[in-house]
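A short worksheet on the structure shown next.
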Amino acid sequence: MNAPIELPLVVIVGPTASGKSTLGVWLAERLDGEVIACDSTQLYCGFDIGTAKPALKERRGVPHHLLDVLDGKEESTAGGYRELALAVLRDLRARKRLPILTVGTGLYLRALLEGLADLPQRSEELRERLWASAEEHGVGYLHRIVERLDPESAGKIAPADEQKLIRTIEVCLLTRKPLAEVHRSGRKPLEGWRPVKIGLMPPREALYQRVHARTEAMLAGGWLEEVRRLMASGVPESAKAFDFIGYRELRKVLRGEMNLEQASAAIQQATRRYAKRQMTWFRREKGVHWLAGFGDEPKIQQEAKEIVSPQLGAPVTGARGIDV
RNA sequence: GGACGGGUGGGUGAGUGGCUAAAACCAGCAGACUGUAAAUCUGCCGCUCCUUGCGGGCUACGAAGGUUCGAAUCCUUCCCCGUCCA
């Protein structure tokens with residue numbers, strides 16, 4: 001298979017509420033682009049307000065991809081996202097449109113750009129058994145198993161990190177090889193695209209203020225009603241999407257375990273922590289042009305355009321970036 | 001005015017003479033993370049100094065005194081908060 005010609009791919013990273021969507025649309029309007037959401041929560045149909053999914057009017061006629069592609073009962077995965085995104089990229093290549101990725105979920109971006117090792121998908125039966133015996137045998141049990149199956153990975157995972165331990169055991173059992181070894185077999189990075197990465201990093205205080213204001217606005221905009229409707233429409237309580245920030249708190253409100261005021265405070269706090277984790281992740285992302293502001297600020301938008309524009313014509317130059 | 005109960009680090013709150021710069025939890029900060037990632041987990045968390053060590057100094061449990069080799073912990077007075085009695 002011949003390697004396809006490299007085309008530019010705009011990637012916008014940043015914490016929640018930093019204005020990625022706004023900047024994405026703004027750039028798309030000026031550069032013949034289409035937006036591809038890279039957000040594990042915006043994938044879900046019906047989960048709109050709380051996931052800060054851009055509303056139709058905010059999309060301003062710019063096509064948006066990978067919103068509303070799962071129903072509430074399904075579960076997204078990094079590998080699944082990669083497949084979906086690759087299909088969209090093929091489509092945009094054929095139609096000669098500039099893809100603009102708005103990225104909230106760092107893992108999904110990495111899965112798309114750097115690929116994933118050839119690992120089996122999750123196995124629910126296996127996981128259930130592991131959870132059960134983990135509960136029975138107490139903390140440390142899973143870690144001891146990993147030490148036996150894959151000492152190298154065991155050294156990298158904390159004994160309390162059951163989620164990662166289970167994934168490791170799962171892969172070891174299904175592939176009959178240590179995870180660490182399977183990882184060494186390599187990943188298949190994205191071919192045919194040259195990422196141009198823009199990072200939004202507004203001042204911490206200002207970001208938190210936006211998070212607070214946005215939470216209030218979402219609640220005023222009918223978020224609780226949305227949750228009520230989703231529950232009534234048959235999305236099971238156990239659905240993954242109901243564990244997203246805000247959705248879990250608002251379910252408590254509906255169950256009478258919490259009042260709206262408490263929920264609002266809890267949501268703001270959880271969102272702040274989430275934003276912080278995103279920043280930790282994105283700071284390590286290579287080749288990002290960082291901008292110290294919000295994506296809806298004209299100054300920032302202009303700067304972003306000045307970074308992207310020169311990259312559009314240039315054929316096969318390697319992506320250059322400023323590391324922070 | 002009287003009787004109790006209480007005032008602890010950013011918050012909640014344990015601690016009743018040395019093992020206490022003070023549990024635990026939360027918040028905060030930093031970090032890890034290849035199919036749950038809006039998840040999961042880790043470290044730090046009074047100030048300060050350096051020869052970064054289970055190191056030194058300083059400050060700290062409402063305030064001021066006192067007892068003691070040693071006090072957040074005991075005593076005295078004062079100030080504040082809560083409940084009850086007048």
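By order in the structure tokens, chains are A, B, ...; within a chain, residues start at 1; ligands start at 1, following the order shown.
Selected on chain B by distance to chain A: B:U34, B:G35, B:A38, B:U40, B:C41 (within 6 Å, counting only C-alpha atoms (C1' of nucleotides)).
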Limited to N, CA and C atoms (P, O5', C5', C4', C3', O3' and C1' of nucleotides), could you put the picked residues into a file as a short mmCIF file (atom, residue, chain, number, x, y, z; two decimals), in the first residue's frame?
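See selection03.cif below for the written result:
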```cif
data_model
loop_
_atom_site.label_atom_id
_atom_site.label_comp_id
_atom_site.auth_asym_id
_atom_site.auth_seq_id
_atom_site.Cartn_x
_atom_site.Cartn_y
_atom_site.Cartn_z
P U B 34 -0.18 4.79 28.43
"O5'" U B 34 -1.19 3.99 27.49
"C5'" U B 34 -2.54 4.36 27.42
"C4'" U B 34 -3.19 3.43 26.43
"C3'" U B 34 -3.41 2.05 27.03
"O3'" U B 34 -4.69 1.62 26.63
"C1'" U B 34 -2.13 1.89 25.07
P G B 35 -5.54 0.62 27.35
"O5'" G B 35 -6.85 0.65 26.46
"C5'" G B 35 -7.60 1.86 26.33
"C4'" G B 35 -9.03 1.50 26.10
"C3'" G B 35 -9.51 0.29 26.89
"O3'" G B 35 -10.84 0.61 27.30
"C1'" G B 35 -9.95 -0.02 24.61
P A B 38 -12.45 12.06 29.46
"O5'" A B 38 -13.25 12.33 30.81
"C5'" A B 38 -12.55 12.92 31.95
"C4'" A B 38 -13.58 13.03 33.03
"C3'" A B 38 -14.35 11.72 33.14
"O3'" A B 38 -14.26 11.07 34.38
"C1'" A B 38 -15.77 13.54 32.42
P U B 40 -13.39 6.97 39.04
"O5'" U B 40 -12.00 6.19 39.01
"C5'" U B 40 -11.97 4.79 38.83
"C4'" U B 40 -10.55 4.35 38.61
"C3'" U B 40 -9.55 4.86 39.64
"O3'" U B 40 -9.61 4.11 40.84
"C1'" U B 40 -8.65 5.10 37.47
P C B 41 -9.29 4.80 42.23
"O5'" C B 41 -7.71 4.99 42.14
"C5'" C B 41 -6.87 3.84 42.15
"C4'" C B 41 -5.49 4.21 41.69
"C3'" C B 41 -4.70 5.17 42.58
"O3'" C B 41 -4.16 4.49 43.70
"C1'" C B 41 -4.41 5.77 40.32
#
```
Write out as a ChimeraX atom specification the residues lying within 12 Å of U16 in chain B, counting only C-alpha atoms (C1' of nucleotides) and excluding same-chain residues fewer than 3 positions away. /B:71-74
Could you pull out the helix (DSSP H, G or I) residues of range 231-267 of chain A from DSSP and send them as number ranges by chain? A: 231-232, 240-243, 247-254, 260-267
Point-to-point distance in Å for CA of Lys20 in chain A and CA of Glu83 in chain A: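 Computing it gives 22.6 Å between the two atoms.
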So that I can check the surroundings of range 52-62 of chain A, please list as an MDAnalysis selection string every protein, DNA and RNA residue that reaches within 7 Å of it, counting only C-alpha atoms (C1' of nucleotides) and ignoring chain neighbours fewer than 6 positions away. chainID A and resid 21 25 28:29 34 42
Can you work out the spacing between CA of Trp290 in chain A and CA of Trp26 in chain A in Å, to one decimal?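 Computed distance, CA of Trp290 in chain A to CA of Trp26 in chain A, equals 17.5 Å.
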